[in-house]
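In what follows, a single structure is set out as structure tokens and then discussed.
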Amino acid sequence: MTKPEIHSDFWDEDPSPENPFTPSACYCSGYNVYDDLLPNISWVEYLYLMFMKEAPTKQQSTLLNALSVALANPGPRDNSVQAAMSAGAGGSTLASSLIAAIGVGAGNLGGAHEVAIATSCWQKFGTNLLLWQSGFNDFIKQKDGNTSRADVWLPIEHAPGFDPNGTHCAETIIQTLNYLSDISPNNHLAWLREHRTDMEKMTNSPLAMSGVAAAAFVDLGFEPSQAEMLFMLLRLPGAAAHALEQHETGWKDFPFFSDGLQVGVPNS
Amino acid sequence: MSKTNHEMDHLKLNELLKNSNIWPTEMGGWQPGVDVSFRGKSLLKDLNHLSWMSLVIYSITGNIPEPKQCELYEGIWVISTSFPDPRLWNNRIATLATNSRSTPVLGISAGIAVSEATIYGHRPLIATIDFLYDVQNKLDQGQNLSDILKALYHSTAPSYSGKGKNRSPAKIPGFGRPITPVDERRKPLLDLAKKCQYHQGKILQLAFDIEQQLKIIAPQLKMNIATLMAALCADQNMSPREFYYFVSLCFSGGILACAIDAETHHEGSFFPMPCNAIRYSGKPRRQWKNM
């Protein structure tokens, strides 16, 4: 019988002499987690180490930490947080509130899949405004006539990283972009700050947090799939806190839109 | 900003304000204490006789299926996607959940989410129905089947379903299968299609024609159940998106069974792995240096 194996290039464990199912030591990219890292490493450094297999520089760590603060709570109006609160309102399991937040916050509108697409765009278009212009046009064409095979994901309906329903760039987005640009060890955030208004004119939409996050992930060297995962992960604290609050508050003090449904009216 | 942009912003803002209060819908809703409307009918008066599958199809398409259509749809779920095998990747989620003493629904819902896989499940299923329609369209435009398949098979478009960073369903979806090339579900599903008199549909015939051509072009690619599921539903005029919604819960029977089974086992007993099962191939042991 073949021995079942799990392959990993960043995690290893030493079995304890008493029980082969219990580790005596765990290693992350070669570092002893509970002996060496635990007293020395920060949460974001450990996060970076797991994804990148190398320790971050001081600047990378500072940027990832600031990005984590910026993303930690999108606020209770955000669809992903509202999903977690909806679980809380009904008294659902706490796990379901996080599943709800991830499921809703995974999408193409302000969600993790949009971040992955925007990160791919950075890889393709870099800091070339003309390439971004034609890239945005391609996305708009794709919306009208998707040529690739049908998939679980629908084609994105707007320029990735920009808010199709927004009218101007939120002050909170500008503050985030400015601060992250100042501390970033790379040039994508700074280029985005410099060309934000040009890109907003191209897309007829203001920059969104998903766009800032994508540029930050590129500055940190993350791949689109890593950016997608981290975006979901880093937004969970707010969802969790709001879900807990709503769990205690209950269903009566949570919007139900009692008069909001117009049944039989076509969606214009 | 130009005046046009100002006008556009004004429209966006008006839309946001309007939508903040109303959700127009033809799907339906609950009138508390009175009734439930569902696509223009009363769930409690007009639709209360429906089977679960009929209601699912009504929800997706707006049409109540004929009894033999319903038998076909239910059979597709029963035969094709309801294996109570806890090793299968989506079923394993429910198994691990209840064997770790999480709740069945958390395990089952996560198992359904995981069914949106690339080597099996929803992504290849949707790609398959889209592929069949695509080939049929090309044939209708006068192209030759062998040429269509050769062009697809030899195309340089990247398609790595099994591993890698950019995984996507196979270039010729619905043909080939992980673990074994033999699909034991094929005969039972075709028998059912025959019983329901859906065995002579145009797209089903196309699937068989593709299979014949692939024997020459790519003999390792045998028709799998996804092609039959997709072809049978395409012959019922389901769009790829309707088919996606139709299969969204199709693995639930097997997932449910695995959750139930694992709950009866001793906690933590599902294939526990020893530490040395980890095959490490990363950086050598080293010491952390504080910045």
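Convention: chains lettered A, B, ... in structure tokens order; per-chain residue numbering from 1; ligands numbered from 1 as shown.
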- Task: Provide as number ranges by chain the residues of chain A at most 7 Å from chain B, counting only C-alpha atoms.
- Result: A: 4-15, 20-23, 29-31, 36-37, 40, 58, 96, 149-152, 165, 167, 260-267
Please, could you write that set of residues out with N, CA and C atoms as an mmCIF file, in the first residue's frame?
```cif
data_model
loop_
_atom_site.group_PDB
_atom_site.id
_atom_site.type_symbol
_atom_site.label_atom_id
_atom_site.label_comp_id
_atom_site.auth_asym_id
_atom_site.auth_seq_id
_atom_site.Cartn_x
_atom_site.Cartn_y
_atom_site.Cartn_z
ATOM 1 N N PRO A 4 0.332 7.407 2.247
ATOM 2 C CA PRO A 4 -0.197 8.740 1.871
ATOM 3 C C PRO A 4 0.760 9.841 2.332
ATOM 4 N N GLU A 5 1.014 10.784 1.459
ATOM 5 C CA GLU A 5 1.936 11.877 1.787
ATOM 6 C C GLU A 5 1.323 13.224 1.449
ATOM 7 N N ILE A 6 1.659 14.209 2.248
ATOM 8 C CA ILE A 6 1.309 15.599 1.948
ATOM 9 C C ILE A 6 2.602 16.297 1.566
ATOM 10 N N HIS A 7 2.607 16.926 0.404
ATOM 11 C CA HIS A 7 3.818 17.612 -0.053
ATOM 12 C C HIS A 7 3.745 19.091 0.305
ATOM 13 N N SER A 8 4.809 19.609 0.860
ATOM 14 C CA SER A 8 4.836 21.041 1.185
ATOM 15 C C SER A 8 6.253 21.577 1.034
ATOM 16 N N ASP A 9 6.329 22.784 0.504
ATOM 17 C CA ASP A 9 7.659 23.402 0.433
ATOM 18 C C ASP A 9 7.811 24.524 1.457
ATOM 19 N N PHE A 10 6.872 24.598 2.414
ATOM 20 C CA PHE A 10 7.096 25.579 3.487
ATOM 21 C C PHE A 10 6.799 25.035 4.886
ATOM 22 N N TRP A 11 6.236 23.859 5.001
ATOM 23 C CA TRP A 11 5.887 23.378 6.356
ATOM 24 C C TRP A 11 6.443 21.989 6.596
ATOM 25 N N ASP A 12 7.028 21.815 7.759
ATOM 26 C CA ASP A 12 7.568 20.511 8.131
ATOM 27 C C ASP A 12 7.351 20.297 9.627
ATOM 28 N N GLU A 13 7.299 19.037 10.032
ATOM 29 C CA GLU A 13 7.101 18.725 11.447
ATOM 30 C C GLU A 13 8.015 17.580 11.860
ATOM 31 N N ASP A 14 8.522 17.654 13.091
ATOM 32 C CA ASP A 14 9.246 16.523 13.683
ATOM 33 C C ASP A 14 8.259 15.772 14.572
ATOM 34 N N PRO A 15 8.160 14.453 14.427
ATOM 35 C CA PRO A 15 7.260 13.718 15.325
ATOM 36 C C PRO A 15 7.860 13.613 16.726
ATOM 37 N N PRO A 20 3.773 9.377 17.008
ATOM 38 C CA PRO A 20 4.121 9.931 15.690
ATOM 39 C C PRO A 20 3.077 10.905 15.137
ATOM 40 N N PHE A 21 1.898 10.969 15.781
ATOM 41 C CA PHE A 21 0.851 11.896 15.326
ATOM 42 C C PHE A 21 0.938 13.250 16.055
ATOM 43 N N THR A 22 1.858 13.358 16.985
ATOM 44 C CA THR A 22 2.032 14.609 17.733
ATOM 45 C C THR A 22 3.392 15.200 17.394
ATOM 46 N N PRO A 23 3.440 16.472 16.978
ATOM 47 C CA PRO A 23 4.758 17.037 16.632
ATOM 48 C C PRO A 23 5.530 17.456 17.887
ATOM 49 N N SER A 29 9.157 27.287 6.596
ATOM 50 C CA SER A 29 10.292 27.665 5.735
ATOM 51 C C SER A 29 11.629 27.539 6.466
ATOM 52 N N GLY A 30 11.736 26.537 7.265
ATOM 53 C CA GLY A 30 12.991 26.252 7.939
ATOM 54 C C GLY A 30 13.106 26.824 9.346
ATOM 55 N N TYR A 31 12.208 27.735 9.726
ATOM 56 C CA TYR A 31 12.272 28.338 11.055
ATOM 57 C C TYR A 31 11.422 27.538 12.040
ATOM 58 N N ASP A 36 11.480 29.417 17.959
ATOM 59 C CA ASP A 36 12.217 30.572 17.433
ATOM 60 C C ASP A 36 11.278 31.717 17.008
ATOM 61 N N LEU A 37 10.262 31.390 16.204
ATOM 62 C CA LEU A 37 9.404 32.466 15.666
ATOM 63 C C LEU A 37 8.485 33.069 16.729
ATOM 64 N N ASN A 40 9.643 35.988 18.516
ATOM 65 C CA ASN A 40 10.366 36.996 17.729
ATOM 66 C C ASN A 40 9.600 37.619 16.569
ATOM 67 N N LYS A 58 11.932 45.012 6.376
ATOM 68 C CA LYS A 58 11.239 45.917 7.299
ATOM 69 C C LYS A 58 10.156 46.715 6.555
ATOM 70 N N SER A 96 -20.670 30.126 10.324
ATOM 71 C CA SER A 96 -21.417 30.475 9.112
ATOM 72 C C SER A 96 -21.298 31.955 8.805
ATOM 73 N N ARG A 149 -14.476 30.104 -22.513
ATOM 74 C CA ARG A 149 -15.464 29.093 -22.117
ATOM 75 C C ARG A 149 -16.279 29.566 -20.903
ATOM 76 N N ALA A 150 -17.555 29.226 -20.878
ATOM 77 C CA ALA A 150 -18.393 29.599 -19.732
ATOM 78 C C ALA A 150 -17.812 29.004 -18.454
ATOM 79 N N ASP A 151 -17.944 29.760 -17.359
ATOM 80 C CA ASP A 151 -17.321 29.347 -16.110
ATOM 81 C C ASP A 151 -18.244 29.706 -14.951
ATOM 82 N N VAL A 152 -17.849 29.270 -13.750
ATOM 83 C CA VAL A 152 -18.622 29.639 -12.565
ATOM 84 C C VAL A 152 -18.588 31.156 -12.340
ATOM 85 N N ASN A 165 -20.162 52.102 -9.254
ATOM 86 C CA ASN A 165 -21.284 52.867 -8.714
ATOM 87 C C ASN A 165 -20.847 54.163 -8.018
ATOM 88 N N THR A 167 -19.068 57.958 -7.510
ATOM 89 C CA THR A 167 -19.058 59.210 -8.270
ATOM 90 C C THR A 167 -17.761 59.986 -8.074
ATOM 91 N N GLY A 260 -39.566 47.135 1.179
ATOM 92 C CA GLY A 260 -38.666 47.307 0.042
ATOM 93 C C GLY A 260 -38.921 46.435 -1.158
ATOM 94 N N LEU A 261 -39.610 45.282 -0.939
ATOM 95 C CA LEU A 261 -39.771 44.344 -2.054
ATOM 96 C C LEU A 261 -40.922 44.784 -2.953
ATOM 97 N N GLN A 262 -40.632 44.921 -4.228
ATOM 98 C CA GLN A 262 -41.693 45.246 -5.199
ATOM 99 C C GLN A 262 -41.907 44.017 -6.075
ATOM 100 N N VAL A 263 -42.754 43.116 -5.577
ATOM 101 C CA VAL A 263 -42.941 41.836 -6.264
ATOM 102 C C VAL A 263 -43.766 42.030 -7.531
ATOM 103 N N GLY A 264 -43.297 41.410 -8.599
ATOM 104 C CA GLY A 264 -44.005 41.504 -9.876
ATOM 105 C C GLY A 264 -43.546 42.673 -10.717
ATOM 106 N N VAL A 265 -42.590 43.445 -10.185
ATOM 107 C CA VAL A 265 -42.075 44.593 -10.939
ATOM 108 C C VAL A 265 -40.773 44.171 -11.625
ATOM 109 N N PRO A 266 -40.703 44.317 -12.945
ATOM 110 C CA PRO A 266 -39.473 43.905 -13.635
ATOM 111 C C PRO A 266 -38.259 44.684 -13.154
ATOM 112 N N ASN A 267 -37.116 44.008 -13.159
ATOM 113 C CA ASN A 267 -35.849 44.634 -12.817
ATOM 114 C C ASN A 267 -35.415 45.472 -14.016
#
```
- Per DSSP on the backbone, what are the helix (DSSP H, G or I) residues of region 80-164 of chain A, as number ranges by chain? A: 80-89, 94-104, 112-125, 129-144
- Atom pair CA of Asp235 (chain B) + CA of Gln200 (chain B), distance 9.1 Å
- Message: Please list as a list of chain:residue names every residue within 9 Å of Ser210 (chain A), counting only C-alpha atoms and excluding residues in the same chain fewer than 5 positions away.
- Response: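 Using only C-alpha atoms, the neighbours found are A:Leu109, A:Gly110, A:Gly111, A:Ala112, A:Glu114, A:Val115, A:Ala118, A:Pro160, A:Gly161, A:Phe162, A:Asp163, A:Ala215, A:Phe231.
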Residues of the last selection are to be written out with N, CA and C atoms, as a PDB file, in the first residue's frame.
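Contents of again-v6.pdb, freshly written:
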```
ATOM      1  N   LEU A 109     -17.203  42.407  -7.609  1.00  0.00           N
ATOM      2  CA  LEU A 109     -17.508  43.792  -7.252  1.00  0.00           C
ATOM      3  C   LEU A 109     -16.948  44.089  -5.862  1.00  0.00           C
ATOM      4  N   GLY A 110     -15.789  44.680  -5.828  1.00  0.00           N
ATOM      5  CA  GLY A 110     -15.163  45.023  -4.553  1.00  0.00           C
ATOM      6  C   GLY A 110     -14.666  43.822  -3.788  1.00  0.00           C
ATOM      7  N   GLY A 111     -14.619  42.671  -4.410  1.00  0.00           N
ATOM      8  CA  GLY A 111     -14.243  41.447  -3.708  1.00  0.00           C
ATOM      9  C   GLY A 111     -12.900  40.891  -4.136  1.00  0.00           C
ATOM     10  N   ALA A 112     -12.619  39.708  -3.613  1.00  0.00           N
ATOM     11  CA  ALA A 112     -11.284  39.129  -3.772  1.00  0.00           C
ATOM     12  C   ALA A 112     -10.980  38.725  -5.211  1.00  0.00           C
ATOM     13  N   GLU A 114     -12.033  40.280  -7.827  1.00  0.00           N
ATOM     14  CA  GLU A 114     -11.677  41.529  -8.505  1.00  0.00           C
ATOM     15  C   GLU A 114     -10.217  41.892  -8.204  1.00  0.00           C
ATOM     16  N   VAL A 115      -9.809  41.693  -6.963  1.00  0.00           N
ATOM     17  CA  VAL A 115      -8.420  41.991  -6.587  1.00  0.00           C
ATOM     18  C   VAL A 115      -7.461  41.122  -7.396  1.00  0.00           C
ATOM     19  N   ALA A 118      -7.351  42.512 -10.882  1.00  0.00           N
ATOM     20  CA  ALA A 118      -6.592  43.763 -10.902  1.00  0.00           C
ATOM     21  C   ALA A 118      -5.097  43.492 -10.741  1.00  0.00           C
ATOM     22  N   PRO A 160     -11.492  46.618 -13.393  1.00  0.00           N
ATOM     23  CA  PRO A 160     -11.098  46.050 -12.093  1.00  0.00           C
ATOM     24  C   PRO A 160     -10.321  47.051 -11.245  1.00  0.00           C
ATOM     25  N   GLY A 161     -10.735  47.155  -9.989  1.00  0.00           N
ATOM     26  CA  GLY A 161     -10.072  48.083  -9.069  1.00  0.00           C
ATOM     27  C   GLY A 161     -10.774  49.418  -8.967  1.00  0.00           C
ATOM     28  N   PHE A 162     -11.854  49.573  -9.716  1.00  0.00           N
ATOM     29  CA  PHE A 162     -12.593  50.840  -9.716  1.00  0.00           C
ATOM     30  C   PHE A 162     -14.061  50.564  -9.374  1.00  0.00           C
ATOM     31  N   ASP A 163     -14.702  51.567  -8.773  1.00  0.00           N
ATOM     32  CA  ASP A 163     -16.066  51.371  -8.283  1.00  0.00           C
ATOM     33  C   ASP A 163     -17.074  51.860  -9.325  1.00  0.00           C
ATOM     34  N   ALA A 215      -2.641  47.056  -6.014  1.00  0.00           N
ATOM     35  CA  ALA A 215      -1.337  47.709  -6.210  1.00  0.00           C
ATOM     36  C   ALA A 215      -0.399  47.407  -5.051  1.00  0.00           C
ATOM     37  N   PHE A 231      -6.662  39.009   0.526  1.00  0.00           N
ATOM     38  CA  PHE A 231      -7.736  40.005   0.598  1.00  0.00           C
ATOM     39  C   PHE A 231      -8.927  39.445   1.393  1.00  0.00           C
TER      40      PHE A 231
END
```
- Step one, run DSSP on the backbone; step two, keep only residues of region 27-114 of chain B assigned to strand (DSSP E or B); then write them as a ChimeraX atom specification. /B:28-31,35-38,41-42
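When CA of Ile60 (chain B) is paired with CA of Phe246 (chain B), their separation reads 7.2 Å.
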- Message: Report as a PyMOL selection string all protein, DNA and RNA residues lying within 10 Å of Asp209 (chain B), evaluated on only C-alpha atoms, omitting residues in the same chain fewer than 6 positions from it.
- Response: chain B and resi 145-146+203
Restricting the output to C-alpha atoms, write the selected residues as a PDB file, in the first residue's frame.
```pdb
ATOM      1  CA  LEU B 145     -16.209  18.265 -36.694  1.00  0.00           C
ATOM      2  CA  SER B 146     -12.775  16.710 -37.009  1.00  0.00           C
ATOM      3  CA  ILE B 203     -26.676  17.384 -28.689  1.00  0.00           C
TER       4      ILE B 203
END
```
Within 8 Å of Ala227 (chain A), counting only C-alpha atoms, which residues qualify if same-chain residues fewer than 3 places away don't, as a compact mmCIF listing (two decimals) with C-alpha atoms, in the first residue's frame?
```
# COMPACT_ATOMS: atom_id res chain seq x y z
CA ALA A 112 -11.28 39.13 -3.77
CA VAL A 115 -8.42 41.99 -6.59
CA ALA A 116 -6.96 38.94 -8.35
CA THR A 119 -3.35 42.16 -9.73
CA ALA A 214 -4.10 45.11 -5.75
CA PHE A 217 -0.07 43.31 -3.24
CA PHE A 222 2.33 38.64 -4.40
CA GLU A 223 0.79 36.65 -7.26
CA PRO A 224 -2.91 37.18 -8.15
CA LEU A 230 -4.99 37.54 1.49
CA PHE A 231 -7.74 40.01 0.60
```
- Within 8 Å of Asn224 (chain B), counting only C-alpha atoms, which residues show up once you throw out same-chain ones fewer than 2 positions away? Write them as a list in words, please. Gly174, Phe175, Gly176, Arg177, Pro181, Val182, Asp183, Arg186, Lys222, Ala226, Thr227 and Leu228 of chain B
Atoms kept (C-alpha atoms) for selection, written as a compact mmCIF listing (two decimals), in the first residue's frame:
```
# COMPACT_ATOMS: atom_id res chain seq x y z
CA GLY B 174 -16.17 16.35 -20.67
CA PHE B 175 -13.65 13.90 -22.05
CA GLY B 176 -11.02 12.24 -19.86
CA ARG B 177 -11.30 11.55 -16.13
CA PRO B 181 -10.72 6.62 -17.70
CA VAL B 182 -13.71 4.29 -17.33
CA ASP B 183 -16.98 5.94 -16.36
CA ARG B 186 -22.43 6.08 -18.46
CA LYS B 222 -12.91 8.96 -23.15
CA ALA B 226 -20.15 15.44 -17.58
CA THR B 227 -20.70 15.18 -21.32
CA LEU B 228 -23.81 13.06 -20.91
```
- Message: So that I can see what lies close to Leu139 (chain B), please list as an MDAnalysis selection string the residues with an atom at most 10 Å from it, counting only C-alpha atoms and leaving out residues fewer than 6 positions away in the same chain.
- Response: chainID B and resid 133 145 148 206
